[in-house]
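One file, model-v3.pdb, is given below (PDB, C-alpha atoms).
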```
ATOM      1  CA  MET A 170      21.936  15.615  18.193  1.00  0.00           C
ATOM      2  CA  ILE A 171      20.990  15.626  14.521  1.00  0.00           C
ATOM      3  CA  SER A 172      23.774  16.899  12.290  1.00  0.00           C
ATOM      4  CA  ARG A 173      23.274  18.971   9.163  1.00  0.00           C
ATOM      5  CA  ALA A 174      24.462  16.029   7.064  1.00  0.00           C
ATOM      6  CA  GLU A 175      21.846  13.784   8.665  1.00  0.00           C
ATOM      7  CA  MET A 176      19.133  16.362   8.087  1.00  0.00           C
ATOM      8  CA  LYS A 177      20.133  16.567   4.441  1.00  0.00           C
ATOM      9  CA  TRP A 178      20.063  12.761   4.177  1.00  0.00           C
ATOM     10  CA  ILE A 179      16.597  12.535   5.748  1.00  0.00           C
ATOM     11  CA  ARG A 180      15.289  15.156   3.354  1.00  0.00           C
ATOM     12  CA  SER A 181      16.752  13.219   0.406  1.00  0.00           C
ATOM     13  CA  LEU A 182      14.511  10.274   1.277  1.00  0.00           C
ATOM     14  CA  ASP A 183      11.693  12.017  -0.566  1.00  0.00           C
ATOM     15  CA  ARG A 184      13.284  10.465  -3.684  1.00  0.00           C
ATOM     16  CA  LYS A 185      12.411   6.862  -4.484  1.00  0.00           C
ATOM     17  CA  SER A 186      15.894   6.135  -5.794  1.00  0.00           C
ATOM     18  CA  VAL A 187      17.393   7.086  -2.425  1.00  0.00           C
ATOM     19  CA  ARG A 188      14.804   5.092  -0.463  1.00  0.00           C
ATOM     20  CA  ASP A 189      15.478   2.047  -2.626  1.00  0.00           C
ATOM     21  CA  LYS A 190      19.237   2.372  -2.194  1.00  0.00           C
ATOM     22  CA  GLU A 191      19.054   2.870   1.576  1.00  0.00           C
ATOM     23  CA  GLY A 192      16.262   0.358   2.186  1.00  0.00           C
ATOM     24  CA  VAL A 193      14.296   2.720   4.412  1.00  0.00           C
ATOM     25  CA  PHE A 194      11.237   4.955   4.372  1.00  0.00           C
ATOM     26  CA  VAL A 195       9.928   7.960   6.300  1.00  0.00           C
ATOM     27  CA  ALA A 196       6.818   8.303   8.443  1.00  0.00           C
ATOM     28  CA  GLU A 197       5.616  11.520  10.064  1.00  0.00           C
ATOM     29  CA  GLY A 198       3.010  12.366  12.657  1.00  0.00           C
ATOM     30  CA  ALA A 199       2.319  10.686  15.995  1.00  0.00           C
ATOM     31  CA  LYS A 200      -0.616   8.541  14.803  1.00  0.00           C
ATOM     32  CA  VAL A 201       1.152   7.075  11.767  1.00  0.00           C
ATOM     33  CA  VAL A 202       4.444   6.518  13.592  1.00  0.00           C
ATOM     34  CA  ASN A 203       2.664   4.882  16.537  1.00  0.00           C
ATOM     35  CA  GLU A 204       0.766   2.519  14.208  1.00  0.00           C
ATOM     36  CA  LEU A 205       3.903   1.505  12.299  1.00  0.00           C
ATOM     37  CA  MET A 206       6.188   0.922  15.291  1.00  0.00           C
ATOM     38  CA  PRO A 207       4.989  -2.660  16.014  1.00  0.00           C
ATOM     39  CA  HIS A 208       5.403  -3.710  12.372  1.00  0.00           C
ATOM     40  CA  PHE A 209       8.712  -2.236  11.168  1.00  0.00           C
ATOM     41  CA  ARG A 210      12.175  -1.874  12.672  1.00  0.00           C
ATOM     42  CA  CYS A 211      12.806   1.769  13.428  1.00  0.00           C
ATOM     43  CA  PHE A 212      16.253   3.068  12.522  1.00  0.00           C
ATOM     44  CA  LEU A 213      15.806   6.620  13.806  1.00  0.00           C
ATOM     45  CA  LEU A 214      13.117   8.415  15.778  1.00  0.00           C
ATOM     46  CA  ILE A 215      13.226  12.208  16.096  1.00  0.00           C
ATOM     47  CA  ALA A 216      10.602  13.885  18.269  1.00  0.00           C
ATOM     48  CA  THR A 217       9.882  16.546  20.815  1.00  0.00           C
ATOM     49  CA  GLU A 218       9.308  15.302  24.339  1.00  0.00           C
ATOM     50  CA  SER A 219       5.553  15.921  24.114  1.00  0.00           C
ATOM     51  CA  ALA A 220       5.229  14.115  20.768  1.00  0.00           C
ATOM     52  CA  LEU A 221       7.320  11.181  21.993  1.00  0.00           C
ATOM     53  CA  SER A 222       4.903  10.665  24.867  1.00  0.00           C
ATOM     54  CA  CYS A 223       2.244   9.687  22.298  1.00  0.00           C
ATOM     55  CA  ILE A 224       4.272   6.680  21.099  1.00  0.00           C
ATOM     56  CA  ASP A 225       3.445   3.407  22.851  1.00  0.00           C
ATOM     57  CA  ASN A 226       6.409   1.420  21.513  1.00  0.00           C
ATOM     58  CA  GLN A 227       9.596   3.485  21.509  1.00  0.00           C
ATOM     59  CA  GLN A 228      12.031   0.718  20.572  1.00  0.00           C
ATOM     60  CA  ALA A 229      14.012   2.590  17.956  1.00  0.00           C
ATOM     61  CA  GLU A 230      17.689   1.890  17.320  1.00  0.00           C
ATOM     62  CA  ARG A 231      18.291   5.565  17.934  1.00  0.00           C
ATOM     63  CA  THR A 232      16.017   8.158  19.499  1.00  0.00           C
ATOM     64  CA  GLU A 233      16.699  11.864  19.425  1.00  0.00           C
ATOM     65  CA  VAL A 234      14.572  14.030  21.711  1.00  0.00           C
ATOM     66  CA  VAL A 235      14.715  17.544  20.313  1.00  0.00           C
ATOM     67  CA  PRO A 236      13.471  20.920  21.582  1.00  0.00           C
ATOM     68  CA  GLU A 237      10.247  22.482  20.339  1.00  0.00           C
ATOM     69  CA  SER A 238      12.368  24.854  18.271  1.00  0.00           C
ATOM     70  CA  PHE A 239      13.876  22.021  16.196  1.00  0.00           C
ATOM     71  CA  PRO A 240      13.567  22.855  12.450  1.00  0.00           C
ATOM     72  CA  PHE A 241      11.347  19.967  11.373  1.00  0.00           C
ATOM     73  CA  ASP A 242      10.662  21.852   8.155  1.00  0.00           C
ATOM     74  CA  LYS A 243      14.247  21.053   7.118  1.00  0.00           C
ATOM     75  CA  VAL A 244      13.599  17.291   7.193  1.00  0.00           C
ATOM     76  CA  SER A 245       9.848  17.028   6.700  1.00  0.00           C
ATOM     77  CA  GLN A 246       8.066  16.088   3.475  1.00  0.00           C
ATOM     78  CA  LEU A 247       4.825  17.658   4.751  1.00  0.00           C
ATOM     79  CA  GLU A 248       3.493  21.131   4.063  1.00  0.00           C
ATOM     80  CA  SER A 249       2.748  21.391   7.774  1.00  0.00           C
ATOM     81  CA  PRO A 250       5.607  19.543   9.543  1.00  0.00           C
ATOM     82  CA  GLN A 251       4.786  17.445  12.592  1.00  0.00           C
ATOM     83  CA  PRO A 252       6.993  17.333  15.728  1.00  0.00           C
ATOM     84  CA  ILE A 253       7.865  13.677  15.152  1.00  0.00           C
ATOM     85  CA  ILE A 254       9.513  11.830  12.288  1.00  0.00           C
ATOM     86  CA  ALA A 255      10.675   8.220  12.047  1.00  0.00           C
ATOM     87  CA  ILE A 256      12.927   6.365   9.620  1.00  0.00           C
ATOM     88  CA  PHE A 257      11.906   2.718   9.254  1.00  0.00           C
ATOM     89  CA  TYR A 258      13.627  -0.174   7.538  1.00  0.00           C
ATOM     90  CA  ARG A 259      11.674  -1.497   4.571  1.00  0.00           C
ATOM     91  CA  PRO A 260      10.669  -5.172   4.781  1.00  0.00           C
ATOM     92  CA  GLN A 261      12.525  -7.691   2.643  1.00  0.00           C
ATOM     93  CA  TYR A 262      10.682 -10.587   1.003  1.00  0.00           C
ATOM     94  CA  SER A 263      11.847 -13.603  -0.926  1.00  0.00           C
ATOM     95  CA  ALA A 264      11.107 -13.949  -4.646  1.00  0.00           C
ATOM     96  CA  PRO A 265       7.353 -13.581  -5.362  1.00  0.00           C
ATOM     97  CA  SER A 266       5.548 -16.897  -5.598  1.00  0.00           C
ATOM     98  CA  LEU A 267       2.130 -18.472  -5.121  1.00  0.00           C
ATOM     99  CA  GLU A 268       3.132 -19.145  -1.507  1.00  0.00           C
ATOM    100  CA  TYR A 269       2.155 -15.563  -0.757  1.00  0.00           C
ATOM    101  CA  LEU A 270      -1.415 -16.224  -1.877  1.00  0.00           C
ATOM    102  CA  ARG A 271      -3.481 -17.007   1.201  1.00  0.00           C
ATOM    103  CA  GLY A 272      -7.130 -16.329   0.576  1.00  0.00           C
ATOM    104  CA  LEU A 273      -7.805 -13.205  -1.457  1.00  0.00           C
ATOM    105  CA  THR A 274      -4.726 -11.443  -2.842  1.00  0.00           C
ATOM    106  CA  LEU A 275      -4.717  -8.055  -4.586  1.00  0.00           C
ATOM    107  CA  LEU A 276      -2.701  -7.070  -7.648  1.00  0.00           C
ATOM    108  CA  LEU A 277      -2.571  -3.379  -8.555  1.00  0.00           C
ATOM    109  CA  ASP A 278      -1.751  -2.759 -12.184  1.00  0.00           C
ATOM    110  CA  THR A 279      -0.042   0.621 -12.651  1.00  0.00           C
ATOM    111  CA  VAL A 280      -2.208   2.464 -10.127  1.00  0.00           C
ATOM    112  CA  GLN A 281      -0.273   5.722 -10.208  1.00  0.00           C
ATOM    113  CA  ASP A 282      -1.941   8.075  -7.761  1.00  0.00           C
ATOM    114  CA  PRO A 283      -0.346   7.830  -4.280  1.00  0.00           C
ATOM    115  CA  GLY A 284      -3.642   8.702  -2.606  1.00  0.00           C
ATOM    116  CA  ASN A 285      -5.385   5.834  -4.388  1.00  0.00           C
ATOM    117  CA  VAL A 286      -2.651   3.349  -3.507  1.00  0.00           C
ATOM    118  CA  GLY A 287      -2.708   4.455   0.129  1.00  0.00           C
ATOM    119  CA  SER A 288      -6.497   4.185   0.327  1.00  0.00           C
ATOM    120  CA  ILE A 289      -6.409   0.724  -1.255  1.00  0.00           C
ATOM    121  CA  ILE A 290      -3.806  -0.477   1.253  1.00  0.00           C
ATOM    122  CA  ARG A 291      -5.973   0.851   4.076  1.00  0.00           C
ATOM    123  CA  SER A 292      -9.088  -0.895   2.714  1.00  0.00           C
ATOM    124  CA  ALA A 293      -7.142  -4.107   2.119  1.00  0.00           C
ATOM    125  CA  ALA A 294      -5.974  -4.157   5.733  1.00  0.00           C
ATOM    126  CA  TRP A 295      -9.540  -3.513   6.923  1.00  0.00           C
ATOM    127  CA  PHE A 296     -10.889  -6.445   4.920  1.00  0.00           C
ATOM    128  CA  GLY A 297      -8.075  -8.831   5.836  1.00  0.00           C
ATOM    129  CA  VAL A 298      -6.121  -9.024   2.578  1.00  0.00           C
ATOM    130  CA  GLY A 299      -2.787 -10.679   3.364  1.00  0.00           C
ATOM    131  CA  THR A 300      -0.767  -9.691   0.298  1.00  0.00           C
ATOM    132  CA  ILE A 301      -0.844  -6.879  -2.260  1.00  0.00           C
ATOM    133  CA  PHE A 302       1.227  -7.251  -5.412  1.00  0.00           C
ATOM    134  CA  LEU A 303       2.186  -4.144  -7.394  1.00  0.00           C
ATOM    135  CA  THR A 304       3.240  -3.943 -11.024  1.00  0.00           C
ATOM    136  CA  PRO A 305       6.040  -1.600 -12.135  1.00  0.00           C
ATOM    137  CA  GLY A 306       4.637   1.894 -12.577  1.00  0.00           C
ATOM    138  CA  THR A 307       2.407   1.688  -9.512  1.00  0.00           C
ATOM    139  CA  ALA A 308       3.034   4.442  -6.945  1.00  0.00           C
ATOM    140  CA  ASP A 309       5.735   3.530  -4.450  1.00  0.00           C
ATOM    141  CA  PRO A 310       3.980   2.210  -1.318  1.00  0.00           C
ATOM    142  CA  PHE A 311       6.792   3.635   0.789  1.00  0.00           C
ATOM    143  CA  GLY A 312       6.558   7.158  -0.638  1.00  0.00           C
ATOM    144  CA  SER A 313       5.477   9.802   1.847  1.00  0.00           C
ATOM    145  CA  LYS A 314       2.060  10.455   0.264  1.00  0.00           C
ATOM    146  CA  VAL A 315       1.164   6.758   0.251  1.00  0.00           C
ATOM    147  CA  VAL A 316       2.408   6.259   3.809  1.00  0.00           C
ATOM    148  CA  ARG A 317       0.228   9.152   5.000  1.00  0.00           C
ATOM    149  CA  ALA A 318      -2.823   7.915   3.079  1.00  0.00           C
ATOM    150  CA  THR A 319      -2.618   4.450   4.659  1.00  0.00           C
ATOM    151  CA  MET A 320      -3.127   6.003   8.098  1.00  0.00           C
ATOM    152  CA  GLY A 321      -0.798   3.412   9.613  1.00  0.00           C
ATOM    153  CA  ALA A 322      -2.198   0.371   7.755  1.00  0.00           C
ATOM    154  CA  LEU A 323       1.054  -0.108   5.831  1.00  0.00           C
ATOM    155  CA  GLY A 324       2.308  -2.707   8.293  1.00  0.00           C
ATOM    156  CA  GLN A 325      -0.903  -4.742   8.344  1.00  0.00           C
ATOM    157  CA  THR A 326      -0.556  -6.351   4.913  1.00  0.00           C
ATOM    158  CA  ARG A 327       2.369  -7.657   2.875  1.00  0.00           C
ATOM    159  CA  ILE A 328       3.244  -5.458  -0.147  1.00  0.00           C
ATOM    160  CA  ILE A 329       5.453  -6.799  -2.935  1.00  0.00           C
ATOM    161  CA  THR A 330       6.415  -5.254  -6.274  1.00  0.00           C
ATOM    162  CA  LEU A 331       6.484  -7.703  -9.190  1.00  0.00           C
ATOM    163  CA  GLU A 332       9.090  -7.244 -11.878  1.00  0.00           C
ATOM    164  CA  GLU A 333       7.287  -9.776 -14.088  1.00  0.00           C
ATOM    165  CA  PRO A 334       3.585  -9.811 -13.121  1.00  0.00           C
ATOM    166  CA  GLY A 335       2.668 -11.961 -16.115  1.00  0.00           C
ATOM    167  CA  LYS A 336       4.875 -14.756 -14.810  1.00  0.00           C
ATOM    168  CA  LEU A 337       3.012 -14.924 -11.491  1.00  0.00           C
ATOM    169  CA  LEU A 338      -0.383 -14.751 -13.204  1.00  0.00           C
ATOM    170  CA  GLN A 339       0.596 -17.549 -15.562  1.00  0.00           C
ATOM    171  CA  GLU A 340       1.635 -19.698 -12.609  1.00  0.00           C
ATOM    172  CA  ALA A 341      -1.681 -18.896 -10.914  1.00  0.00           C
ATOM    173  CA  ARG A 342      -3.673 -19.960 -13.953  1.00  0.00           C
ATOM    174  CA  GLN A 343      -1.634 -23.143 -14.322  1.00  0.00           C
ATOM    175  CA  ALA A 344      -2.369 -23.897 -10.678  1.00  0.00           C
ATOM    176  CA  GLY A 345      -6.095 -23.569 -11.386  1.00  0.00           C
ATOM    177  CA  LEU A 346      -6.608 -20.382  -9.408  1.00  0.00           C
ATOM    178  CA  ASN A 347      -9.341 -17.926 -10.298  1.00  0.00           C
ATOM    179  CA  ILE A 348      -8.187 -14.462 -11.322  1.00  0.00           C
ATOM    180  CA  TYR A 349     -10.804 -11.740 -10.969  1.00  0.00           C
ATOM    181  CA  GLY A 350     -10.564  -8.341 -12.612  1.00  0.00           C
ATOM    182  CA  THR A 351     -12.819  -5.300 -12.793  1.00  0.00           C
ATOM    183  CA  PHE A 352     -13.938  -4.086 -16.222  1.00  0.00           C
ATOM    184  CA  LEU A 353     -16.423  -1.616 -17.665  1.00  0.00           C
ATOM    185  CA  HIS A 354     -18.424  -4.524 -19.094  1.00  0.00           C
ATOM    186  CA  GLY A 355     -19.060  -8.084 -18.016  1.00  0.00           C
ATOM    187  CA  PRO A 356     -20.974 -10.012 -15.342  1.00  0.00           C
ATOM    188  CA  SER A 357     -22.356  -7.787 -12.612  1.00  0.00           C
ATOM    189  CA  ILE A 358     -20.795  -7.965  -9.171  1.00  0.00           C
ATOM    190  CA  ARG A 359     -24.285  -8.829  -7.904  1.00  0.00           C
ATOM    191  CA  GLU A 360     -24.177 -12.054  -9.919  1.00  0.00           C
ATOM    192  CA  ILE A 361     -20.709 -13.183  -8.879  1.00  0.00           C
ATOM    193  CA  GLN A 362     -20.273 -15.973  -6.359  1.00  0.00           C
ATOM    194  CA  PHE A 363     -16.992 -15.113  -4.714  1.00  0.00           C
ATOM    195  CA  PRO A 364     -14.824 -17.901  -3.283  1.00  0.00           C
ATOM    196  CA  SER A 365     -14.641 -18.905   0.361  1.00  0.00           C
ATOM    197  CA  PRO A 366     -12.039 -17.294   2.626  1.00  0.00           C
ATOM    198  CA  GLN A 367      -9.856 -20.410   2.464  1.00  0.00           C
ATOM    199  CA  GLU A 368      -9.690 -20.451  -1.327  1.00  0.00           C
ATOM    200  CA  LYS A 369      -6.739 -18.764  -3.001  1.00  0.00           C
ATOM    201  CA  ALA A 370      -7.721 -16.139  -5.570  1.00  0.00           C
ATOM    202  CA  LEU A 371      -6.340 -13.010  -7.183  1.00  0.00           C
ATOM    203  CA  LEU A 372      -8.134  -9.703  -7.716  1.00  0.00           C
ATOM    204  CA  LEU A 373      -6.682  -7.332 -10.325  1.00  0.00           C
ATOM    205  CA  MET A 374      -7.393  -3.610 -10.151  1.00  0.00           C
ATOM    206  CA  GLY A 375      -6.236  -1.417 -13.003  1.00  0.00           C
ATOM    207  CA  ASN A 376      -4.820   1.979 -13.809  1.00  0.00           C
ATOM    208  CA  GLU A 377      -6.949   5.080 -13.133  1.00  0.00           C
ATOM    209  CA  GLY A 378      -7.370   5.966 -16.799  1.00  0.00           C
ATOM    210  CA  GLN A 379      -6.684   2.801 -18.778  1.00  0.00           C
ATOM    211  CA  GLY A 380      -7.893   0.061 -16.461  1.00  0.00           C
ATOM    212  CA  ILE A 381      -6.183  -3.334 -16.466  1.00  0.00           C
ATOM    213  CA  SER A 382      -3.569  -3.609 -19.202  1.00  0.00           C
ATOM    214  CA  SER A 383      -4.379  -5.954 -22.074  1.00  0.00           C
ATOM    215  CA  ASP A 384      -1.404  -8.187 -21.228  1.00  0.00           C
ATOM    216  CA  LEU A 385      -2.676  -8.851 -17.718  1.00  0.00           C
ATOM    217  CA  ALA A 386      -6.375  -8.809 -18.639  1.00  0.00           C
ATOM    218  CA  ALA A 387      -5.717 -11.894 -20.750  1.00  0.00           C
ATOM    219  CA  TYR A 388      -5.135 -13.875 -17.550  1.00  0.00           C
ATOM    220  CA  CYS A 389      -8.473 -12.868 -15.978  1.00  0.00           C
ATOM    221  CA  ASN A 390     -10.948 -15.742 -16.140  1.00  0.00           C
ATOM    222  CA  LYS A 391     -13.434 -14.012 -13.810  1.00  0.00           C
ATOM    223  CA  PRO A 392     -14.299 -10.543 -15.157  1.00  0.00           C
ATOM    224  CA  VAL A 393     -16.454  -8.388 -12.886  1.00  0.00           C
ATOM    225  CA  HIS A 394     -18.445  -5.234 -13.603  1.00  0.00           C
ATOM    226  CA  ILE A 395     -19.695  -2.807 -10.941  1.00  0.00           C
ATOM    227  CA  PRO A 396     -22.858  -1.403 -12.545  1.00  0.00           C
ATOM    228  CA  PRO A 397     -23.980   2.189 -11.951  1.00  0.00           C
ATOM    229  CA  ALA A 398     -27.424   3.076 -10.689  1.00  0.00           C
ATOM    230  CA  ALA A 399     -29.996   4.220 -13.225  1.00  0.00           C
ATOM    231  CA  ASN A 400     -29.742   7.984 -13.517  1.00  0.00           C
ATOM    232  CA  PRO A 401     -31.529  10.096 -16.166  1.00  0.00           C
ATOM    233  CA  LYS A 402     -28.680  12.594 -15.966  1.00  0.00           C
ATOM    234  CA  GLY A 403     -26.124   9.937 -16.780  1.00  0.00           C
ATOM    235  CA  HIS A 404     -23.122   8.800 -14.761  1.00  0.00           C
ATOM    236  CA  PRO A 405     -19.313   9.060 -14.843  1.00  0.00           C
ATOM    237  CA  GLU A 406     -17.431   6.805 -17.211  1.00  0.00           C
ATOM    238  CA  SER A 407     -15.916   4.819 -14.363  1.00  0.00           C
ATOM    239  CA  LEU A 408     -15.419   4.607 -10.594  1.00  0.00           C
ATOM    240  CA  ASN A 409     -12.340   5.774  -8.765  1.00  0.00           C
ATOM    241  CA  VAL A 410     -10.082   2.713  -8.451  1.00  0.00           C
ATOM    242  CA  ALA A 411      -9.798   2.999  -4.660  1.00  0.00           C
ATOM    243  CA  VAL A 412     -13.593   3.140  -4.334  1.00  0.00           C
ATOM    244  CA  ALA A 413     -14.016   0.220  -6.747  1.00  0.00           C
ATOM    245  CA  THR A 414     -11.498  -1.835  -4.767  1.00  0.00           C
ATOM    246  CA  ALA A 415     -13.327  -1.176  -1.503  1.00  0.00           C
ATOM    247  CA  ILE A 416     -16.625  -2.238  -3.095  1.00  0.00           C
ATOM    248  CA  MET A 417     -15.062  -5.450  -4.402  1.00  0.00           C
ATOM    249  CA  LEU A 418     -13.531  -6.272  -1.027  1.00  0.00           C
ATOM    250  CA  PHE A 419     -16.803  -5.559   0.767  1.00  0.00           C
ATOM    251  CA  HIS A 420     -18.668  -7.977  -1.492  1.00  0.00           C
ATOM    252  CA  TRP A 421     -15.925 -10.542  -1.028  1.00  0.00           C
ATOM    253  CA  GLN A 422     -16.192 -10.084   2.721  1.00  0.00           C
ATOM    254  CA  GLY A 423     -19.922 -10.757   2.432  1.00  0.00           C
ATOM    255  CA  THR A 424     -19.266 -14.327   1.303  1.00  0.00           C
ATOM    256  CA  LYS A 425     -17.192 -14.969   4.428  1.00  0.00           C
ATOM    257  CA  SER A 426     -19.984 -14.481   6.917  1.00  0.00           C
TER     258      SER A 426
END
```

Please, can you express the file's structure as structure tokens?
Amino acid sequence: MISRAEMKWIRSLDRKSVRDKEGVFVAEGAKVVNELMPHFRCFLLIATESALSCIDNQQAERTEVVPESFPFDKVSQLESPQPIIAIFYRPQYSAPSLEYLRGLTLLLDTVQDPGNVGSIIRSAAWFGVGTIFLTPGTADPFGSKVVRATMGALGQTRIITLEEPGKLLQEARQAGLNIYGTFLHGPSIREIQFPSPQEKALLLMGNEGQGISSDLAAYCNKPVHIPPAANPKGHPESLNVAVATAIMLFHWQGTKS
């Protein structure tokens, strides 16, 4: 049975400060919960009997099967609550270092929109990116909107927030690694010879409005521009960052085959 105090606590997890303190995050909906179960320890699983039947791996520390009348709207962060909600433990990683760079690694610089961050995580998992670094100010990857946007891909790549991103980039440059970054001007993506899958490299993607910050852009020794098609009516000033990331990863993938 779920007490009122527990329901209040679950609802409070919509705040990042509470998630950080408790070391957990929330996932809702059968598809997302089912995808995350093999990758994260589940602290609490609340579901109706019919919704629970959709979960392949039900190894939660605590499972509460509730009636169809259960007030999911009291605990849900969705406009249309689903009959299943799970509380997962967040992963813990050691201090960020170059050891996490295996092949292509992403660094998101203050990408603030949760939908963009979620879409990027999903694309990164699709294209085999092992690690995604986030700078402070980037949307919390364990916020409900990001978790939903990943469509379950959250557990398929390592995600680490950097307190001092410049420190890691400096170490990467000192180690002789190439650091790619997308800009509005520079060599076209069509002209870039991306590294082999075994070669460590970093790809920086910047904020929706400002792009890569000047502090971090200074570390990029491989600027890349995604040129627009010729259009007599003109074109937008820039691409959506999630779309640009997917294009970059697709081209990178092309060098692997």

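From atom CA of Asn226 of chain A back to atom CA of Met206 of chain A, the distance works out to 6.2 Å.
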
- Output check: residues returned by the PyMOL selection byres ((chain A and resi 397) around 12), as a list in words: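 On the file shown, the PyMOL selection byres ((chain A and resi 397) around 12) covers Leu353, His354, Ser357, Ile358, Arg359, His394, Ile395, Pro396, Ala398, Ala399, Asn400, Pro401, Gly403, His404, Pro405, Glu406, Ser407, Leu408 and Ala413 of chain A.
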
- Item | 12 Å contact set for Met374 of chain A, only C-alpha atoms, chain neighbours under 4 positions out, as a ChimeraX atom specification | /A:274-281,285-286,289,301-304,307,348-353,378-382,385-386,389,392-394,408-418

- Residue nearest Leu337 of chain A - candidates A:Glu237, A:Glu175, A:Glu377, A:Glu268, atoms counted: only C-alpha atoms: A:Glu268

- Could you expand the PyMOL selection byres ((chain A and resi 283) around 8) into the explicit residues it covers here, written as number ranges by chain? A: 281-282, 284-287, 308-310, 312, 314-315, 318

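Of note, atom CA of Gln228 of chain A and atom CA of Gly299 of chain A are spaced 25.4 Å apart.
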
- Message: Between atom CA of Gly335 of chain A and atom CA of Trp421 of chain A, what distance in Å does the model show, to one decimal?
- Response: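 Taking atom CA of Gly335 of chain A and atom CA of Trp421 of chain A, their separation equals 24.0 Å.
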
- All residues 7 Å or closer to Ile215 of chain A, only C-alpha atoms, same chain fewer than 5 positions away omitted, as a list of chain:residue names: A:Thr232, A:Glu233, A:Val234, A:Val235, A:Ile253, A:Ile254, A:Ala255

- Glu204 of chain A environment, 12 Å, all atoms listed in the file, sequence neighbours closer than 6 positions dropped, as a ChimeraX atom specification: /A:196-198,223-227,255,316-317,319-325
